[in-house]
file structure-v9.pdb (PDB, C-alpha atoms)
MODEL        1
ATOM      1  CA  MET A   1     -11.874  64.277 -74.838
ATOM      2  CA  THR A   2     -13.382  62.543 -71.838
ATOM      3  CA  ASP A   3     -14.873  63.684 -68.553
ATOM      4  CA  LEU A   4     -13.445  60.615 -66.798
ATOM      5  CA  PHE A   5      -9.877  61.931 -66.385
ATOM      6  CA  PRO A   6      -7.375  64.247 -68.122
ATOM      7  CA  ILE A   7      -5.456  62.349 -70.813
ATOM      8  CA  VAL A   8      -1.785  63.292 -71.196
ATOM      9  CA  HIS A   9      -0.892  60.786 -73.936
ATOM     10  CA  GLU A  10      -2.555  57.925 -75.777
ATOM     11  CA  ASP A  11      -1.419  55.433 -78.393
ATOM     12  CA  ASP A  12      -1.863  51.726 -79.151
ATOM     13  CA  ASP A  13       0.358  50.714 -76.197
ATOM     14  CA  LEU A  14      -0.009  53.435 -73.567
ATOM     15  CA  LEU A  15      -2.633  55.578 -71.907
ATOM     16  CA  VAL A  16      -1.088  58.227 -69.657
ATOM     17  CA  ILE A  17      -3.485  59.907 -67.227
ATOM     18  CA  ASN A  18      -3.234  62.892 -64.907
ATOM     19  CA  LYS A  19      -5.010  61.465 -61.848
ATOM     20  CA  PRO A  20      -6.867  64.058 -59.765
ATOM     21  CA  ALA A  21      -6.281  64.302 -56.032
ATOM     22  CA  GLY A  22      -8.938  62.468 -54.008
ATOM     23  CA  LEU A  23      -9.466  59.637 -56.502
ATOM     24  CA  VAL A  24      -8.404  56.126 -55.437
ATOM     25  CA  CYS A  25      -6.647  53.912 -57.982
ATOM     26  CA  HIS A  26      -8.215  50.609 -56.927
ATOM     27  CA  PRO A  27     -11.936  49.816 -57.187
ATOM     28  CA  THR A  28     -14.096  50.564 -54.155
ATOM     29  CA  LYS A  29     -17.649  49.766 -53.102
ATOM     30  CA  GLY A  30     -18.851  52.855 -54.943
ATOM     31  CA  ASP A  31     -19.800  53.138 -58.589
ATOM     32  CA  GLU A  32     -17.341  52.774 -61.478
ATOM     33  CA  ARG A  33     -16.464  56.453 -61.362
ATOM     34  CA  SER A  34     -15.291  56.205 -57.747
ATOM     35  CA  SER A  35     -11.891  54.742 -58.710
ATOM     36  CA  LEU A  36      -9.360  55.346 -61.451
ATOM     37  CA  ALA A  37      -9.489  51.677 -62.463
ATOM     38  CA  GLY A  38     -13.267  51.921 -62.819
ATOM     39  CA  ARG A  39     -12.983  55.029 -64.948
ATOM     40  CA  VAL A  40     -10.342  53.378 -67.138
ATOM     41  CA  ARG A  41     -12.717  50.462 -67.696
ATOM     42  CA  LEU A  42     -15.479  52.870 -68.697
ATOM     43  CA  TYR A  43     -13.097  54.548 -71.129
ATOM     44  CA  LEU A  44     -11.616  51.404 -72.690
ATOM     45  CA  GLY A  45     -14.793  49.322 -72.625
ATOM     46  CA  ALA A  46     -16.283  46.808 -70.219
ATOM     47  CA  GLU A  47     -14.393  43.852 -71.722
ATOM     48  CA  ALA A  48     -10.972  45.523 -71.732
ATOM     49  CA  PRO A  49      -8.586  44.528 -68.913
ATOM     50  CA  VAL A  50      -7.338  47.395 -66.738
ATOM     51  CA  ARG A  51      -3.549  47.338 -66.391
ATOM     52  CA  LEU A  52      -2.316  50.167 -64.141
ATOM     53  CA  VAL A  53       1.475  50.142 -64.427
ATOM     54  CA  ASN A  54       1.980  52.464 -61.447
ATOM     55  CA  ARG A  55      -0.319  53.656 -58.680
ATOM     56  CA  LEU A  56      -0.613  56.760 -56.545
ATOM     57  CA  ASP A  57      -2.096  57.294 -53.110
ATOM     58  CA  ARG A  58      -5.667  58.548 -53.074
ATOM     59  CA  GLU A  59      -4.693  62.132 -52.294
ATOM     60  CA  THR A  60      -1.624  62.323 -54.532
ATOM     61  CA  SER A  61      -2.292  63.866 -57.922
ATOM     62  CA  GLY A  62      -0.344  63.218 -61.084
ATOM     63  CA  LEU A  63       0.806  60.775 -63.710
ATOM     64  CA  VAL A  64      -0.468  57.206 -63.916
ATOM     65  CA  VAL A  65       0.441  54.948 -66.835
ATOM     66  CA  VAL A  66      -2.000  52.348 -68.169
ATOM     67  CA  ALA A  67      -0.754  49.565 -70.457
ATOM     68  CA  ARG A  68      -3.198  48.839 -73.256
ATOM     69  CA  THR A  69      -1.679  45.465 -74.172
ATOM     70  CA  LEU A  70      -0.294  42.564 -72.159
ATOM     71  CA  GLU A  71       3.070  42.922 -73.895
ATOM     72  CA  ALA A  72       3.276  46.597 -72.944
ATOM     73  CA  ALA A  73       2.287  45.791 -69.356
ATOM     74  CA  ARG A  74       5.073  43.235 -69.035
ATOM     75  CA  GLU A  75       7.718  45.497 -70.560
ATOM     76  CA  LEU A  76       6.710  48.510 -68.475
ATOM     77  CA  GLY A  77       6.534  46.347 -65.369
ATOM     78  CA  ARG A  78      10.138  45.267 -65.926
ATOM     79  CA  ARG A  79      11.207  48.889 -66.283
ATOM     80  CA  TRP A  80       9.480  49.930 -63.052
ATOM     81  CA  GLU A  81      10.833  46.935 -61.138
ATOM     82  CA  GLY A  82      14.316  47.529 -62.560
ATOM     83  CA  ARG A  83      14.259  51.183 -61.416
ATOM     84  CA  GLU A  84      14.644  52.356 -65.005
ATOM     85  CA  VAL A  85      11.964  55.014 -64.562
ATOM     86  CA  ARG A  86      12.692  58.477 -63.188
ATOM     87  CA  LYS A  87       9.831  59.836 -61.092
ATOM     88  CA  ARG A  88       9.811  63.443 -59.980
ATOM     89  CA  TYR A  89       7.321  65.021 -57.599
ATOM     90  CA  ARG A  90       6.476  68.409 -56.187
ATOM     91  CA  ALA A  91       5.637  68.705 -52.508
ATOM     92  CA  ILE A  92       4.671  71.626 -50.294
ATOM     93  CA  VAL A  93       6.020  71.091 -46.798
ATOM     94  CA  HIS A  94       5.797  72.826 -43.444
ATOM     95  CA  GLY A  95       8.789  74.931 -42.442
ATOM     96  CA  TRP A  96      11.964  76.045 -44.159
ATOM     97  CA  PRO A  97      14.585  73.299 -44.629
ATOM     98  CA  GLU A  98      18.049  74.387 -43.493
ATOM     99  CA  VAL A  99      19.681  72.931 -46.614
ATOM    100  CA  ASP A 100      18.655  73.419 -50.205
ATOM    101  CA  ALA A 101      19.362  69.954 -51.563
ATOM    102  CA  GLY A 102      20.155  66.523 -50.235
ATOM    103  CA  VAL A 103      19.271  62.863 -49.957
ATOM    104  CA  ILE A 104      17.228  61.476 -47.073
ATOM    105  CA  ARG A 105      18.409  57.965 -46.220
ATOM    106  CA  ALA A 106      16.244  56.158 -43.681
ATOM    107  CA  PRO A 107      14.919  52.557 -43.609
ATOM    108  CA  LEU A 108      11.146  52.083 -43.562
ATOM    109  CA  GLY A 109       8.858  49.520 -41.983
ATOM    110  CA  ARG A 110       5.530  49.098 -40.248
ATOM    111  CA  ASP A 111       4.585  51.606 -37.548
ATOM    112  CA  GLU A 112       3.480  49.223 -34.827
ATOM    113  CA  GLY A 113       2.651  52.067 -32.445
ATOM    114  CA  SER A 114       0.074  53.734 -34.685
ATOM    115  CA  VAL A 115      -3.664  53.247 -34.460
ATOM    116  CA  VAL A 116      -3.699  53.223 -38.296
ATOM    117  CA  ALA A 117      -2.922  49.754 -39.662
ATOM    118  CA  ILE A 118      -1.512  50.959 -42.999
ATOM    119  CA  LYS A 119       0.961  53.422 -41.482
ATOM    120  CA  ASP A 120       4.712  52.883 -41.836
ATOM    121  CA  CYS A 121       7.623  54.716 -40.232
ATOM    122  CA  VAL A 122      11.393  55.029 -40.097
ATOM    123  CA  ARG A 123      12.810  52.059 -38.161
ATOM    124  CA  ALA A 124      16.273  50.541 -37.908
ATOM    125  CA  ASP A 125      15.167  47.093 -39.086
ATOM    126  CA  GLY A 126      13.190  48.436 -42.038
ATOM    127  CA  ALA A 127      13.822  48.248 -45.774
ATOM    128  CA  SER A 128      16.451  50.577 -47.226
ATOM    129  CA  ALA A 129      14.982  53.777 -48.712
ATOM    130  CA  GLN A 130      16.406  56.971 -50.226
ATOM    131  CA  THR A 131      14.718  60.188 -51.331
ATOM    132  CA  ALA A 132      16.470  63.098 -53.066
ATOM    133  CA  PHE A 133      15.097  66.623 -52.755
ATOM    134  CA  THR A 134      15.765  70.183 -53.843
ATOM    135  CA  VAL A 135      14.126  73.278 -52.412
ATOM    136  CA  GLY A 136      12.478  75.254 -55.192
ATOM    137  CA  ARG A 137      11.354  78.119 -52.984
ATOM    138  CA  ARG A 138      10.684  79.019 -49.373
ATOM    139  CA  PHE A 139       7.678  81.200 -48.713
ATOM    140  CA  ALA A 140       5.489  82.486 -45.910
ATOM    141  CA  ARG A 141       1.735  82.785 -45.568
ATOM    142  CA  ARG A 142      -0.561  83.773 -42.739
ATOM    143  CA  GLU A 143      -0.573  80.107 -41.663
ATOM    144  CA  GLY A 144       3.215  79.930 -41.311
ATOM    145  CA  ARG A 145       6.373  79.094 -43.241
ATOM    146  CA  PHE A 146       6.393  76.610 -46.117
ATOM    147  CA  ALA A 147       8.693  75.278 -48.842
ATOM    148  CA  ASP A 148       7.997  74.066 -52.375
ATOM    149  CA  LEU A 149      10.216  71.014 -52.976
ATOM    150  CA  ARG A 150      11.214  68.992 -56.019
ATOM    151  CA  VAL A 151      11.463  65.388 -54.855
ATOM    152  CA  GLU A 152      12.772  62.226 -56.496
ATOM    153  CA  PRO A 153      12.395  58.822 -54.817
ATOM    154  CA  LEU A 154      15.501  56.724 -55.457
ATOM    155  CA  THR A 155      13.766  53.634 -54.093
ATOM    156  CA  GLY A 156      10.104  52.645 -54.230
ATOM    157  CA  ARG A 157       8.807  51.987 -50.714
ATOM    158  CA  LYS A 158       5.214  52.507 -49.608
ATOM    159  CA  HIS A 159       4.524  56.125 -48.586
ATOM    160  CA  GLN A 160       8.265  56.764 -48.905
ATOM    161  CA  ILE A 161       8.228  60.463 -49.765
ATOM    162  CA  ARG A 162       5.647  61.280 -47.110
ATOM    163  CA  ILE A 163       7.469  59.395 -44.353
ATOM    164  CA  HIS A 164      10.903  60.718 -45.277
ATOM    165  CA  LEU A 165       9.763  64.331 -45.330
ATOM    166  CA  GLN A 166       8.056  63.897 -41.966
ATOM    167  CA  HIS A 167      11.247  62.292 -40.600
ATOM    168  CA  PHE A 168      13.243  65.210 -42.043
ATOM    169  CA  GLY A 169      11.110  67.535 -39.916
ATOM    170  CA  HIS A 170       9.084  68.953 -42.804
ATOM    171  CA  PRO A 171       5.832  67.000 -43.271
ATOM    172  CA  ILE A 172       3.704  67.564 -46.353
ATOM    173  CA  VAL A 173       0.945  70.134 -45.938
ATOM    174  CA  GLY A 174      -2.461  68.477 -45.771
ATOM    175  CA  ASP A 175      -1.116  64.984 -45.045
ATOM    176  CA  LYS A 176      -3.664  63.329 -42.778
ATOM    177  CA  LEU A 177      -1.543  60.278 -41.972
ATOM    178  CA  TYR A 178       2.009  61.645 -41.735
ATOM    179  CA  GLY A 179       1.111  65.161 -40.666
ATOM    180  CA  PRO A 180       0.275  66.713 -37.287
ATOM    181  CA  ASP A 181      -1.949  63.894 -35.994
ATOM    182  CA  ASP A 182      -2.660  60.524 -37.635
ATOM    183  CA  ARG A 183      -6.082  60.447 -35.968
ATOM    184  CA  LEU A 184      -7.098  63.001 -38.597
ATOM    185  CA  TYR A 185      -6.766  60.191 -41.134
ATOM    186  CA  LEU A 186      -9.244  58.046 -39.232
ATOM    187  CA  ASP A 187     -11.608  60.997 -38.865
ATOM    188  CA  PHE A 188     -11.422  61.550 -42.612
ATOM    189  CA  VAL A 189     -12.015  57.949 -43.713
ATOM    190  CA  GLU A 190     -14.855  57.564 -41.212
ATOM    191  CA  GLY A 191     -16.522  60.795 -42.382
ATOM    192  CA  ARG A 192     -16.188  62.739 -39.138
ATOM    193  CA  LEU A 193     -13.433  65.209 -39.925
ATOM    194  CA  THR A 194     -14.372  68.455 -38.167
ATOM    195  CA  GLU A 195     -13.880  72.018 -39.338
ATOM    196  CA  ALA A 196     -11.141  72.367 -36.710
ATOM    197  CA  GLY A 197      -9.417  69.343 -38.226
ATOM    198  CA  ARG A 198      -9.649  70.838 -41.699
ATOM    199  CA  ARG A 199      -8.088  74.068 -40.448
ATOM    200  CA  GLN A 200      -5.266  72.066 -38.896
ATOM    201  CA  LEU A 201      -4.597  70.361 -42.217
ATOM    202  CA  ILE A 202      -4.799  73.705 -44.110
ATOM    203  CA  LEU A 203      -5.317  72.069 -47.520
ATOM    204  CA  PRO A 204      -8.092  69.642 -48.577
ATOM    205  CA  TRP A 205      -5.587  67.105 -49.959
ATOM    206  CA  GLN A 206      -1.958  66.328 -49.235
ATOM    207  CA  ALA A 207       0.230  68.632 -51.324
ATOM    208  CA  LEU A 208       2.120  65.946 -53.242
ATOM    209  CA  HIS A 209       2.059  65.858 -57.032
ATOM    210  CA  ALA A 210       3.610  63.207 -59.300
ATOM    211  CA  GLY A 211       4.467  65.613 -62.074
ATOM    212  CA  GLU A 212       7.137  63.900 -64.214
ATOM    213  CA  LEU A 213       7.879  60.447 -65.586
ATOM    214  CA  GLU A 214      10.860  59.619 -67.769
ATOM    215  CA  PHE A 215      11.819  56.267 -69.277
ATOM    216  CA  THR A 216      12.854  54.576 -72.511
ATOM    217  CA  TRP A 217      10.043  53.125 -74.602
ATOM    218  CA  ARG A 218      10.542  51.162 -77.799
ATOM    219  CA  GLY A 219      14.145  52.379 -77.914
ATOM    220  CA  THR A 220      13.208  56.055 -77.575
ATOM    221  CA  PRO A 221      13.470  58.229 -74.450
ATOM    222  CA  VAL A 222      10.030  59.539 -73.458
ATOM    223  CA  ARG A 223       9.072  62.118 -70.870
ATOM    224  CA  PHE A 224       5.649  63.111 -69.569
ATOM    225  CA  GLU A 225       5.018  66.190 -67.428
ATOM    226  CA  VAL A 226       1.877  67.757 -65.941
ATOM    227  CA  PRO A 227       1.502  70.761 -63.611
ATOM    228  CA  PRO A 228      -0.127  70.485 -60.181
ATOM    229  CA  GLU A 229      -3.810  71.206 -59.683
ATOM    230  CA  ARG A 230      -5.078  74.743 -59.168
ATOM    231  CA  TRP A 231      -5.420  74.521 -55.369
ATOM    232  CA  PHE A 232      -1.752  73.473 -55.141
ATOM    233  CA  ILE A 233      -0.539  76.303 -57.367
ATOM    234  CA  GLU A 234      -2.703  78.907 -55.664
ATOM    235  CA  PHE A 235      -1.313  77.963 -52.261
ATOM    236  CA  THR A 236       2.256  78.589 -53.440
ATOM    237  CA  GLY A 237       1.278  81.823 -55.167
ATOM    238  CA  ASP A 238      -0.748  83.654 -52.499
ATOM    239  CA  VAL A 239       2.229  84.453 -50.282
ATOM    240  CA  ILE A 240       3.395  87.301 -48.064
ATOM    241  CA  GLY A 241       7.114  86.570 -48.373
ATOM    242  CA  THR A 242       9.507  84.402 -50.355
ATOM    243  CA  LEU A 243      13.114  83.246 -50.344
ATOM    244  CA  THR A 244      14.907  81.565 -53.256
ATOM    245  CA  PRO A 245      17.563  79.018 -52.223
ATOM    246  CA  GLU A 246      21.263  79.276 -52.993
ATOM    247  CA  ILE A 247      21.649  75.471 -53.308
ATOM    248  CA  ARG A 248      23.426  74.363 -50.191
ATOM    249  CA  SER A 249      23.523  70.577 -50.093
ATOM    250  CA  SER A 250      23.645  67.828 -47.532
ATOM    251  CA  GLY A 251      24.317  64.178 -48.264
ATOM    252  CA  ASN A 252      22.160  62.824 -45.440
ATOM    253  CA  PRO A 253      19.860  65.361 -43.778
TER     254      PRO A 253
ENDMDL
END

call {"tool": "encode", "arguments": {"input": "structure-v9.pdb", "output": "structure tokens"}}
result
Amino acid sequence: MTDLFPIVHEDDDLLVINKPAGLVCHPTKGDERSSLAGRVRLYLGAEAPVRLVNRLDRETSGLVVVARTLEAARELGRRWEGREVRKRYRAIVHGWPEVDAGVIRAPLGRDEGSVVAIKDCVRADGASAQTAFTVGRRFARREGRFADLRVEPLTGRKHQIRIHLQHFGHPIVGDKLYGPDDRLYLDFVEGRLTEAGRRQLILPWQALHAGELEFTWRGTPVRFEVPPERWFIEFTGDVIGTLTPEIRSSGNP
């Protein structure tokens, strides 16, 4: 047991962590507990190298794999780069998608019109990107209509799921950068997010959870799965209406 992070699996090669929402992966100017890498170093020991095989955005919760040896890091890196890893997410989005399953195909590149330097967008000259989705459930709350999606990125572009769902017309609830107004992101990082801004976002973090990883390791198929955090689950549960999809599909919504 450790109070640094929830451990999903640990052996001589791998440390699989359930990263909480709000924790950055890379070190910051704060103390060692302010980043996942810093916490991993505290857990493994000051002299141990930190080898994060995959990374998640600050506000995305879910599975992060740490390689405990250089050999494991190289082998896992090849699997990630070779797209041999299946990654499945859950996302709560605004609105009710008209189709129940499909693949969003839209190239991604830098958003030159945004005041936020790290923001990307759909653009014709961007890198090819594809995201598959299935609607788990549509539901309504006092704040409006929402859908709980199962999402699988088929490519690995920066912010891909978030941009594609926004482009699809159903941005992720709580997303400060690809939600209702990207100035909310600047307000947040500069510590001046107002109560009105928080109400606009609805949730404290973006409702995106990296819940499943599946790949072959040492000749054996392995699968790791963790549920979303309580705030995510409670938002999908405290509803005033619900609709289960009948699985209508679209190849390119």

call {"tool": "atom_distance", "arguments": {"input": "structure-v9.pdb", "atom1": "CA of Arg183 (chain A)", "atom2": "CA of Leu149 (chain A)"}}
result
25.8 Å

call {"tool": "closest_residue", "arguments": {"input": "structure-v9.pdb", "among": "A:Val189, A:Val65, A:Leu76, A:Gly237", "to": "His9 (chain A)", "atoms": "only C-alpha atoms"}}
result
A:Val65

call {"tool": "resolve_selection", "arguments": {"input": "structure-v9.pdb", "expression": "the PyMOL selection byres ((chain A and resi 211) around 7)", "output": "PyMOL selection string"}}
result
chain A and resi 62-63+88-90+209-210+212+225-228

call {"tool": "closest_residue", "arguments": {"input": "structure-v9.pdb", "among": "A:Trp217, A:Phe168, A:Phe235, A:Trp205", "to": "Arg142 (chain A)", "atoms": "only C-alpha atoms"}}
result
A:Phe235

call {"tool": "closest_residue", "arguments": {"input": "structure-v9.pdb", "among": "A:Gly22, A:Val115, A:Gly95, A:Val64", "to": "Leu186 (chain A)", "atoms": "only C-alpha atoms"}}
result
A:Val115

call {"tool": "residues_near_point", "arguments": {"input": "structure-v9.pdb", "point": "(12.4, 60.2, -60.4)", "cutoff": "12 Å", "atoms": "all atoms listed in the file", "output": "ChimeraX atom specification"}}
result
/A:80,83-90,130-133,150-156,161,210-215,223-225

call {"tool": "resolve_selection", "arguments": {"input": "structure-v9.pdb", "expression": "the PyMOL selection byres ((chain A and resi 12) around 12)", "output": "JSON, numbers by chain"}}
result
{"A": [9, 10, 11, 13, 14, 15, 16, 44, 66, 67, 68, 69, 70, 71, 72]}

call {"tool": "atom_distance", "arguments": {"input": "structure-v9.pdb", "atom1": "CA of Ala207 (chain A)", "atom2": "CA of Ile172 (chain A)"}}
result
6.2 Å

call {"tool": "residues_around", "arguments": {"input": "structure-v9.pdb", "residues": "Trp231 (chain A)", "least_positions_apart": "6", "cutoff": "12 Å", "atoms": "only C-alpha atoms", "output": "MDAnalysis selection string"}}
result
chainID A and resid 20:21 61 92 174 202:209 237:238

call {"tool": "resolve_selection", "arguments": {"input": "structure-v9.pdb", "expression": "the PyMOL selection byres ((chain A and resi 109-113) around 9)", "output": "count of residues only"}}
result
17

call {"tool": "atom_distance", "arguments": {"input": "structure-v9.pdb", "atom1": "CA of Val24 (chain A)", "atom2": "CA of Asp57 (chain A)"}}
result
6.8 Å

call {"tool": "axis_aligned_box", "arguments": {"input": "structure-v9.pdb", "around": "region 57-74 of chain A", "padding_each_side": "3 Å", "output": "AutoDock Vina command-line options"}}
result
--center_x -0.3 --center_y 53.2 --center_z -63.2 --size_x 16.7 --size_y 27.3 --size_z 27.9

call {"tool": "decode", "arguments": {"input": "structure-v9.pdb", "residues": "region 84-98 of chain A", "atoms": "C-alpha atoms", "output": "compact mmCIF listing (two decimals), in the first residue's frame"}}
result
# COMPACT_ATOMS: atom_id res chain seq x y z
CA GLU A 84 0.06 -3.03 -30.54
CA VAL A 85 -1.71 -1.69 -27.46
CA ARG A 86 -5.48 -1.33 -27.22
CA LYS A 87 -6.52 1.71 -25.19
CA ARG A 88 -10.13 2.19 -24.17
CA TYR A 89 -11.56 5.26 -22.47
CA ARG A 90 -14.82 6.43 -20.99
CA ALA A 91 -15.97 9.97 -21.69
CA ILE A 92 -19.02 11.96 -20.62
CA VAL A 93 -20.00 14.37 -23.37
CA HIS A 94 -22.54 17.14 -23.86
CA GLY A 95 -25.63 16.24 -25.87
CA TRP A 96 -27.03 13.05 -27.33
CA PRO A 97 -25.16 11.72 -30.39
CA GLU A 98 -27.51 10.84 -33.25
